[in-house]
Each structure stands twice: as C-alpha cells, then as structure tokens.
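Source file: query-v9.cif. Holds: mmCIF, C-alpha atoms.
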```cif
data_run
loop_
_atom_site.label_atom_id
_atom_site.label_comp_id
_atom_site.auth_asym_id
_atom_site.auth_seq_id
_atom_site.Cartn_x
_atom_site.Cartn_y
_atom_site.Cartn_z
CA ALA N 24 88.54 103.17 91.48
CA LEU N 25 91.11 105.94 91.60
CA LEU N 26 90.61 109.65 92.10
CA SER N 27 93.41 112.02 91.20
CA VAL N 28 93.62 115.73 91.91
CA TYR N 29 96.02 117.83 89.83
CA MET N 30 97.10 121.29 90.89
CA SER N 31 99.07 124.00 89.15
CA ALA N 32 99.48 127.75 89.33
CA ASN N 33 100.54 127.93 85.69
CA ALA N 34 102.41 125.71 83.26
CA SER N 35 105.75 127.52 83.41
CA ALA N 36 105.80 127.52 87.21
CA SER N 37 105.04 123.81 87.26
CA ALA N 38 107.88 123.03 84.85
CA SER N 39 110.29 125.24 86.79
CA GLU N 40 109.35 123.52 90.04
CA GLN N 41 110.02 120.11 88.48
CA GLN N 42 113.46 121.20 87.31
CA GLN N 43 114.44 122.62 90.68
CA HIS N 44 113.01 119.74 92.72
CA PRO N 45 113.05 116.53 90.63
CA PRO N 46 111.24 113.51 92.14
CA ARG N 47 113.34 111.66 94.67
CA ARG N 48 113.47 107.92 94.93
CA ARG N 49 113.25 105.74 98.01
CA GLN N 50 111.72 108.43 100.17
CA ARG N 51 109.46 107.40 103.01
CA PHE N 52 106.64 109.83 103.72
CA SER N 53 106.17 108.80 107.33
CA GLY N 54 106.66 111.67 109.68
CA GLY N 55 108.40 114.97 110.15
CA GLY N 56 107.60 118.18 108.33
CA PRO N 57 108.99 120.63 105.79
CA ASN N 58 112.47 121.75 106.71
CA ALA N 59 114.00 125.20 106.31
CA ASP N 60 115.08 124.44 102.74
CA GLY N 61 111.61 123.27 101.71
CA GLU N 62 112.75 119.70 101.16
CA MET N 63 110.28 116.86 100.90
CA VAL N 64 108.72 115.77 104.17
CA SER N 65 110.36 112.56 105.32
CA THR N 66 112.16 111.15 108.32
CA ARG N 67 113.08 107.67 107.14
CA ARG N 68 114.72 107.54 103.73
CA SER N 69 115.06 103.77 103.33
CA GLU N 70 111.46 103.13 102.23
CA CYS N 71 108.74 104.86 100.22
CA VAL N 72 105.66 102.95 101.39
CA GLN N 73 103.82 103.20 104.68
CA VAL N 74 101.26 100.53 105.58
CA ALA N 75 98.32 101.23 107.87
CA LEU N 76 95.59 98.83 108.98
CA VAL N 77 92.00 99.96 109.51
CA VAL N 78 89.88 97.54 111.55
CA ARG N 79 86.22 98.06 110.67
CA PRO N 80 83.38 97.39 113.13
CA LEU N 81 81.14 94.37 112.71
CA LEU N 82 78.29 94.79 110.24
CA PRO N 83 74.66 94.33 111.40
CA HIS N 84 74.42 90.83 109.90
CA GLU N 85 77.66 89.66 111.49
CA PRO N 86 77.23 87.92 114.89
CA ARG N 87 78.50 89.68 117.97
CA GLY N 88 81.58 88.12 119.48
CA SER N 89 82.86 86.85 116.14
CA GLU N 90 85.89 89.12 116.13
CA CYS N 91 89.05 87.19 115.30
CA LEU N 92 91.49 90.12 115.35
CA HIS N 93 92.73 91.98 118.41
CA GLN N 94 95.16 94.76 119.26
CA PRO N 95 96.62 93.73 122.63
CA GLN N 96 98.48 97.01 123.20
CA PRO N 97 96.69 100.10 121.85
CA GLU N 98 99.91 102.11 121.80
CA LYS N 99 101.64 99.47 119.66
CA PRO N 100 100.79 99.14 115.92
CA GLU N 101 100.41 95.37 116.07
CA VAL N 102 97.42 93.03 115.79
CA VAL N 103 96.96 89.37 116.66
CA LEU N 104 94.74 86.86 114.88
CA ASP N 105 93.10 84.04 116.80
CA CYS N 106 94.41 81.60 114.19
CA ALA N 107 98.04 82.82 114.25
CA PRO N 108 100.59 82.41 117.06
CA PHE N 109 102.42 85.64 116.24
CA PRO N 110 101.52 89.34 115.84
CA PHE N 111 101.37 91.32 112.60
CA ALA N 112 103.09 94.73 112.70
CA PHE N 113 102.17 97.84 110.71
CA ASP N 114 103.17 101.49 110.61
CA HIS N 115 99.78 102.39 112.07
CA VAL N 116 96.66 100.57 113.28
CA GLY N 117 93.25 102.24 113.44
CA GLY N 118 90.55 100.57 115.49
CA PRO N 119 86.82 100.26 114.76
CA GLU N 120 86.15 103.62 116.42
CA GLY N 121 87.77 106.48 114.54
CA GLY N 122 89.98 104.25 112.42
CA ILE N 123 89.72 106.37 109.26
CA SER N 124 90.48 109.67 110.95
CA SER N 125 93.40 108.13 112.87
CA VAL N 126 94.97 106.89 109.64
CA TYR N 127 94.48 110.32 108.09
CA ASP N 128 96.06 112.08 111.08
CA ALA N 129 99.00 109.66 111.26
CA CYS N 130 99.77 108.90 107.62
CA VAL N 131 98.24 111.53 105.32
CA ALA N 132 97.98 114.97 106.93
CA PRO N 133 101.51 115.37 108.36
CA THR N 134 103.45 114.14 105.34
CA LEU N 135 101.59 113.38 102.12
CA LEU N 136 99.64 116.63 101.90
CA PRO N 137 102.68 118.94 102.36
CA ASN N 138 104.48 117.04 99.61
CA VAL N 139 101.46 117.21 97.28
CA LEU N 140 101.25 120.97 97.78
CA ARG N 141 104.90 121.18 96.75
CA GLY N 142 104.12 119.44 93.46
CA CYS N 143 105.16 115.90 94.36
CA ASN N 144 103.09 112.82 93.55
CA ALA N 145 101.45 110.92 96.40
CA THR N 146 99.13 107.91 96.50
CA VAL N 147 96.78 106.47 99.10
CA LEU N 148 95.78 102.92 98.14
CA ALA N 149 93.14 100.80 99.90
CA TYR N 150 93.68 97.05 99.63
CA GLY N 151 91.54 94.24 101.03
CA GLN N 152 89.01 91.55 100.27
CA THR N 153 85.42 92.20 99.24
CA GLY N 154 83.43 93.68 102.10
CA SER N 155 86.46 94.75 104.10
CA GLY N 156 85.58 98.47 103.86
CA LYS N 157 87.87 99.82 101.13
CA THR N 158 85.26 102.07 99.51
CA HIS N 159 84.05 103.30 102.89
CA THR N 160 87.60 104.06 104.05
CA MET N 161 88.50 105.96 100.90
CA GLY N 162 85.11 107.67 100.57
CA SER N 163 84.73 106.86 96.88
CA GLY N 164 81.20 105.45 97.04
CA ALA N 165 77.95 107.10 96.04
CA GLY N 166 75.43 108.69 98.39
CA ALA N 167 75.64 110.81 101.51
CA ARG N 168 78.12 109.84 104.22
CA ARG N 169 77.97 110.27 107.97
CA VAL N 170 81.73 109.80 108.26
CA PRO N 171 84.09 111.40 105.70
CA GLY N 172 86.61 109.17 103.97
CA LEU N 173 90.29 109.78 103.30
CA ILE N 174 89.46 111.50 100.01
CA GLN N 175 87.08 113.97 101.63
CA MET N 176 89.51 114.75 104.46
CA SER N 177 92.44 115.23 102.09
CA VAL N 178 90.61 117.33 99.51
CA GLU N 179 89.18 119.64 102.15
CA GLN N 180 92.66 120.35 103.48
CA ILE N 181 94.08 120.82 99.98
CA PHE N 182 91.56 123.55 99.16
CA GLU N 183 92.19 125.27 102.47
CA ARG N 184 95.92 125.37 101.80
CA LEU N 185 96.06 126.04 98.06
CA PRO N 186 98.11 129.15 97.26
CA PRO N 187 96.37 132.08 95.55
CA GLY N 188 96.02 131.62 91.80
CA ALA N 189 96.33 127.83 91.92
CA ALA N 190 93.84 125.66 90.06
CA ALA N 191 92.80 122.08 90.74
CA ARG N 192 91.46 119.46 88.37
CA ALA N 193 90.20 115.99 89.23
CA SER N 194 89.93 112.73 87.33
CA PHE N 195 88.19 109.51 88.37
CA VAL N 196 89.09 106.22 86.70
CA GLN N 197 88.45 102.55 87.28
CA ILE N 198 91.01 99.77 86.83
CA TYR N 199 89.44 96.36 86.24
CA GLU N 200 91.65 93.45 85.19
CA ASP N 201 93.72 94.84 82.28
CA ALA N 202 91.40 97.72 81.36
CA VAL N 203 91.24 101.32 82.59
CA HIS N 204 87.91 103.13 82.24
CA ASP N 205 87.12 106.83 82.58
CA LEU N 206 84.28 107.26 85.08
CA LEU N 207 83.75 110.94 84.26
CA ALA N 208 83.51 110.66 80.48
CA PRO N 209 80.13 110.00 78.82
CA ALA N 210 79.39 106.32 78.27
CA ALA N 211 78.70 104.84 74.86
CA ALA N 212 75.19 104.01 73.66
CA ASP N 213 75.58 100.44 74.93
CA GLY N 214 76.68 101.68 78.38
CA GLU N 215 80.34 100.87 77.86
CA LEU N 216 82.68 103.30 79.61
CA PRO N 217 85.51 104.85 77.56
CA ARG N 218 88.74 102.89 77.84
CA LEU N 219 91.99 104.68 78.56
CA HIS N 220 95.48 103.71 77.48
CA LEU N 221 98.49 103.96 79.74
CA LYS N 222 101.25 105.99 78.10
CA ARG N 223 104.73 107.05 79.08
CA ASP N 224 106.26 110.47 78.68
CA GLY N 225 109.27 112.24 80.12
CA ALA N 226 107.67 112.42 83.59
CA GLY N 227 106.68 108.74 83.73
CA TRP N 228 103.54 106.71 83.12
CA GLY N 229 100.14 108.35 82.96
CA LEU N 230 96.67 108.56 81.43
CA PRO N 231 96.83 111.68 79.26
CA ALA N 232 93.38 111.08 77.76
CA ALA N 233 91.61 110.91 81.14
CA ARG N 234 88.97 113.57 81.60
CA ARG N 235 90.17 116.21 84.09
CA GLU N 236 87.50 118.54 85.38
CA LEU N 237 88.09 121.83 87.14
CA VAL N 238 87.14 121.69 90.83
CA GLU N 239 86.98 124.69 93.12
CA SER N 240 85.85 123.13 96.40
CA ALA N 241 85.53 119.89 98.30
CA ALA N 242 81.83 119.90 97.33
CA ASP N 243 82.83 119.84 93.66
CA VAL N 244 85.00 116.76 94.26
CA THR N 245 82.19 115.05 96.18
CA ALA N 246 79.87 115.67 93.22
CA LEU N 247 82.40 114.12 90.85
CA LEU N 248 82.74 111.11 93.15
CA ALA N 249 78.98 110.60 93.13
CA ARG N 250 78.86 110.91 89.34
CA GLY N 251 81.72 108.49 88.85
CA ALA N 252 80.31 106.02 91.37
CA ALA N 253 76.98 106.07 89.51
CA ALA N 254 78.76 105.39 86.22
CA ARG N 255 80.66 102.52 87.81
CA ALA N 256 77.45 101.01 89.20
CA THR N 257 75.74 101.28 85.81
CA SER N 258 78.60 99.59 83.99
CA SER N 259 79.25 96.90 86.62
CA THR N 260 76.49 94.72 85.16
CA ARG N 261 78.68 94.30 82.07
CA LEU N 262 81.57 92.94 84.12
CA ASN N 263 82.01 89.63 85.89
CA GLU N 264 83.23 91.15 89.15
CA HIS N 265 84.45 88.75 91.79
CA SER N 266 86.47 91.16 93.97
#
```
Mind turning this structure into structure tokens?
Amino acid sequence: ALLSVYMSANASASASEQQQHPPRRRQRFSGGGPNADGEMVSTRRSECVQVALVVRPLLPHEPRGSECLHQPQPEKPEVVLDCAPFPFAFDHVGGPEGGISSVYDACVAPTLLPNVLRGCNATVLAYGQTGSGKTHTMGSGAGARRVPGLIQMSVEQIFERLPPGAAARASFVQIYEDAVHDLLAPAAADGELPRLHLKRDGAGWGLPAARRELVESAADVTALLARGAAARATSSTRLNEHS
C-alpha cells in the first residue's frame, strides 16, 4: 500500500515553483543539505536510488539462535549470510535494535524531506518477502504502535516544517497485481474497493481520481492510515494474496 502526502501553498505558487525548478534526473538523494542557491539536496549525482537494509529481530515463534545474517563490522554497511561466501553491501544497514529510526536518520531526514518541502517528488519503498517487516517498517498497518514507522516519522517532521499558509492532503492506495485500489474511498455494496486508472499528464504519470483528504496534523494521517488499513483488511478476502 502507498501513502502520498501532497502539499501546496496555492496553485499559482506551485506552478511557478515547477517552472523555476523543473525536476532533475539522475539525482541521488543521499547526503548533504540545501545549498545557498536552494538547489536540491544531493551529494552524488550519478544515481537516484539509495538502498537501505533493515534487519528485524526474531519473532516470538522463531527459535533463538536461528539468525543467518550478520553484520561483521557495525560501522560498515555490509551484511554476510551464512549460506554465501561474500558480503552484501548497501547504502545503510539498520540492525534489530533501532533499525527503523537509523534508516530514517540516515536516508530520509537529511535529504528526502528537504526536497519534498521544496516541491520535489520523493518515494520511500519497502521491499521484501512476506513476514519480513515491510508494514511495520513503513508504519502503514492498523492499530496502535509502540514504535513509529517511517511514515509517522516523516509526516511529523513535515508538519513541523510546513511554511505558513501551506496545506497538505493525503491519499492511500493499494497496488495488487495490475489493479490500483483507493483505500480511502467508500467501498461498493459487495465490498469491492474503487479501482483507479493510471494516467499521464504534462507532469508525468499519476492517479488523478485518487481521493485526497485534507490533513492538518500527524494524528490526521495516522487516522487515515488506520482507515485505509481496515479497508484493505476487509477487501483482502476477495483477493488471492500470496505475497
């Protein structure tokens, strides 16, 4: 499931900002900060994707001592598998203790958020097999959480740093196989979620029909996440989900 937050002071300012600072290609948001000219935050311009690994702790039903992945040098973003004779390198590695917050501090807060507040698009994508902790890491599940996810951490900072007069709207959609469903729109009588169609305009591809609700605080976004997660759980019985 994907959560998007859209921000604008007004339509004319947004269009003017796009004309003055068109999206740049092949930028890597991986360090540094805004420069004197207000350019996009980036230190390495050869790539636009940063990959971080979050190692989750063992679950209660998993036997102790069954770990098969190790980080030999904590200061080095590399891990070793018991079944592989070579290490795997990443931009950042977060261990079982504090892994989510370390990824946020290293990959999201210093670079992605400043660019988002300048009107640039940014994406945080969790990828992994079933049970690997994607929903927990992102914070897109239902119910109360002891540990905030990347969404909660990011949204809280966005609201603290929004300029006066800015407004924020959020959408929550689910992509399953070839279909995109709106998790915030009312479901049909049979429980089917509204399907969205990907369309292209002058700014690129998007979901113009997705429901975008005004949010004024991190609590508002958390409420939308809970509502969308409940809709996803209700509709999941209609899908043959394997991953």
(message) Using Å and a single decimal, report how far CA of Phe113 in chain N sits from CA of Ala132 in chain N.
(response)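 Interatomic distance here is 18.0 Å.
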(message) Could you tell me, as a VMD selection string, exactly which residues end up selected when the PyMOL selection byres ((chain N and resi 229) around 12) is applied to this structure?
(response) chain N and resid 27 144 194 196 203 219 to 228 230 to 233
(request) For the file shown, report as a list of chain:residue names the outcome of the PyMOL selection byres ((chain N and resi 140) around 9) at residue level. (result)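 Against this file, the PyMOL selection byres ((chain N and resi 140) around 9) returns the residues N:Met30, N:Leu135, N:Leu136, N:Pro137, N:Asn138, N:Val139, N:Arg141, N:Gly142, N:Cys143, N:Ile181, N:Arg184, N:Leu185, N:Pro186.
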(request) Rounded to one decimal place, report the CA of Ser240 in chain N-CA of Gln197 in chain N distance in Å. (result)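 Computing the Euclidean distance for CA of Ser240 in chain N and CA of Gln197 in chain N yields 22.7 Å.
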(request) Run the PyMOL selection byres ((chain N and resi 159) around 12) against the file shown and list the residues it catches, as a ChimeraX atom specification. (result) /N:77-80,122-123,149-151,153-158,160-175
What does the file look like for those residues with C-alpha atoms, as an mmCIF file, in the coordinates of the input?
```cif
data_model
loop_
_atom_site.group_PDB
_atom_site.id
_atom_site.type_symbol
_atom_site.label_atom_id
_atom_site.label_comp_id
_atom_site.auth_asym_id
_atom_site.auth_seq_id
_atom_site.Cartn_x
_atom_site.Cartn_y
_atom_site.Cartn_z
ATOM 1 C CA VAL N 77 92.000 99.960 109.510
ATOM 2 C CA VAL N 78 89.880 97.540 111.550
ATOM 3 C CA ARG N 79 86.220 98.060 110.670
ATOM 4 C CA PRO N 80 83.380 97.390 113.130
ATOM 5 C CA GLY N 122 89.980 104.250 112.420
ATOM 6 C CA ILE N 123 89.720 106.370 109.260
ATOM 7 C CA ALA N 149 93.140 100.800 99.900
ATOM 8 C CA TYR N 150 93.680 97.050 99.630
ATOM 9 C CA GLY N 151 91.540 94.240 101.030
ATOM 10 C CA THR N 153 85.420 92.200 99.240
ATOM 11 C CA GLY N 154 83.430 93.680 102.100
ATOM 12 C CA SER N 155 86.460 94.750 104.100
ATOM 13 C CA GLY N 156 85.580 98.470 103.860
ATOM 14 C CA LYS N 157 87.870 99.820 101.130
ATOM 15 C CA THR N 158 85.260 102.070 99.510
ATOM 16 C CA THR N 160 87.600 104.060 104.050
ATOM 17 C CA MET N 161 88.500 105.960 100.900
ATOM 18 C CA GLY N 162 85.110 107.670 100.570
ATOM 19 C CA SER N 163 84.730 106.860 96.880
ATOM 20 C CA GLY N 164 81.200 105.450 97.040
ATOM 21 C CA ALA N 165 77.950 107.100 96.040
ATOM 22 C CA GLY N 166 75.430 108.690 98.390
ATOM 23 C CA ALA N 167 75.640 110.810 101.510
ATOM 24 C CA ARG N 168 78.120 109.840 104.220
ATOM 25 C CA ARG N 169 77.970 110.270 107.970
ATOM 26 C CA VAL N 170 81.730 109.800 108.260
ATOM 27 C CA PRO N 171 84.090 111.400 105.700
ATOM 28 C CA GLY N 172 86.610 109.170 103.970
ATOM 29 C CA LEU N 173 90.290 109.780 103.300
ATOM 30 C CA ILE N 174 89.460 111.500 100.010
ATOM 31 C CA GLN N 175 87.080 113.970 101.630
#
```
(request) Between CA of Val103 in chain N and CA of Glu90 in chain N, measure the distance and give it in Å to one decimal. (result) 11.1 Å
(message) I want to know what sits within 12 Å of Asp128 in chain N, based on only C-alpha atoms, with residues of the same chain fewer than 5 positions away left out; could you give that as a list in words?
(response) Ser53, Gly54, Ala75, His115, Val116, Gly117, Gly121, Gly122, Ile123, Pro133, Thr134, Leu135, Leu136, Leu173, Met176, Ser177 and Gln180 of chain N
Could you write out the selected residues, including C-alpha atoms, as a short mmCIF file (atom, residue, chain, number, x, y, z; two decimals), in the frame of the given file?
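Result file follows (result_1.cif):
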```
data_model
loop_
_atom_site.label_atom_id
_atom_site.label_comp_id
_atom_site.auth_asym_id
_atom_site.auth_seq_id
_atom_site.Cartn_x
_atom_site.Cartn_y
_atom_site.Cartn_z
CA SER N 53 106.17 108.80 107.33
CA GLY N 54 106.66 111.67 109.68
CA ALA N 75 98.32 101.23 107.87
CA HIS N 115 99.78 102.39 112.07
CA VAL N 116 96.66 100.57 113.28
CA GLY N 117 93.25 102.24 113.44
CA GLY N 121 87.77 106.48 114.54
CA GLY N 122 89.98 104.25 112.42
CA ILE N 123 89.72 106.37 109.26
CA PRO N 133 101.51 115.37 108.36
CA THR N 134 103.45 114.14 105.34
CA LEU N 135 101.59 113.38 102.12
CA LEU N 136 99.64 116.63 101.90
CA LEU N 173 90.29 109.78 103.30
CA MET N 176 89.51 114.75 104.46
CA SER N 177 92.44 115.23 102.09
CA GLN N 180 92.66 120.35 103.48
#
```
(request) Tell me which protein, DNA and RNA residues are within 8 Å of Glu239 in chain N, counting only C-alpha atoms, leaving out same-chain ones fewer than 5 positions away, and put them as a PyMOL selection string. (result) chain N and resi 182+190-191
Within 10 Å of (94.5, 89.8, 114.7), in the coordinates the file gives, what residues turn up when you count all atoms listed in the file, written out as a PDB file with C-alpha atoms, in the frame of the given file?
```
ATOM      1  CA  VAL N  78      89.880  97.540 111.550  1.00  0.00           C
ATOM      2  CA  GLU N  90      85.890  89.120 116.130  1.00  0.00           C
ATOM      3  CA  CYS N  91      89.050  87.190 115.300  1.00  0.00           C
ATOM      4  CA  LEU N  92      91.490  90.120 115.350  1.00  0.00           C
ATOM      5  CA  HIS N  93      92.730  91.980 118.410  1.00  0.00           C
ATOM      6  CA  GLN N  94      95.160  94.760 119.260  1.00  0.00           C
ATOM      7  CA  PRO N  95      96.620  93.730 122.630  1.00  0.00           C
ATOM      8  CA  GLU N 101     100.410  95.370 116.070  1.00  0.00           C
ATOM      9  CA  VAL N 102      97.420  93.030 115.790  1.00  0.00           C
ATOM     10  CA  VAL N 103      96.960  89.370 116.660  1.00  0.00           C
ATOM     11  CA  LEU N 104      94.740  86.860 114.880  1.00  0.00           C
ATOM     12  CA  ASP N 105      93.100  84.040 116.800  1.00  0.00           C
ATOM     13  CA  CYS N 106      94.410  81.600 114.190  1.00  0.00           C
ATOM     14  CA  ALA N 107      98.040  82.820 114.250  1.00  0.00           C
ATOM     15  CA  PRO N 108     100.590  82.410 117.060  1.00  0.00           C
ATOM     16  CA  PHE N 109     102.420  85.640 116.240  1.00  0.00           C
ATOM     17  CA  PRO N 110     101.520  89.340 115.840  1.00  0.00           C
ATOM     18  CA  PHE N 111     101.370  91.320 112.600  1.00  0.00           C
TER      19      PHE N 111
END
```
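In this comparison, which uses all atoms listed in the file, the residue of N:Gly214, N:Ala246, N:Ala254, N:Leu207 approaching Arg234 in chain N most closely is N:Leu207.
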(request) Using all atoms listed in the file, find the one residue out of N:Val178, N:Leu76, N:Val131, N:Leu81 that sits nearest to Val238 in chain N. (result)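 Under the stated criterion, the closest residue is N:Val178.
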(request) Rank N:Leu247, N:Arg218, N:Leu82, N:Ala242 by their smallest atom-to-atom distance to Asp201 in chain N, using only C-alpha atoms, and report the top residue only. (result) N:Arg218
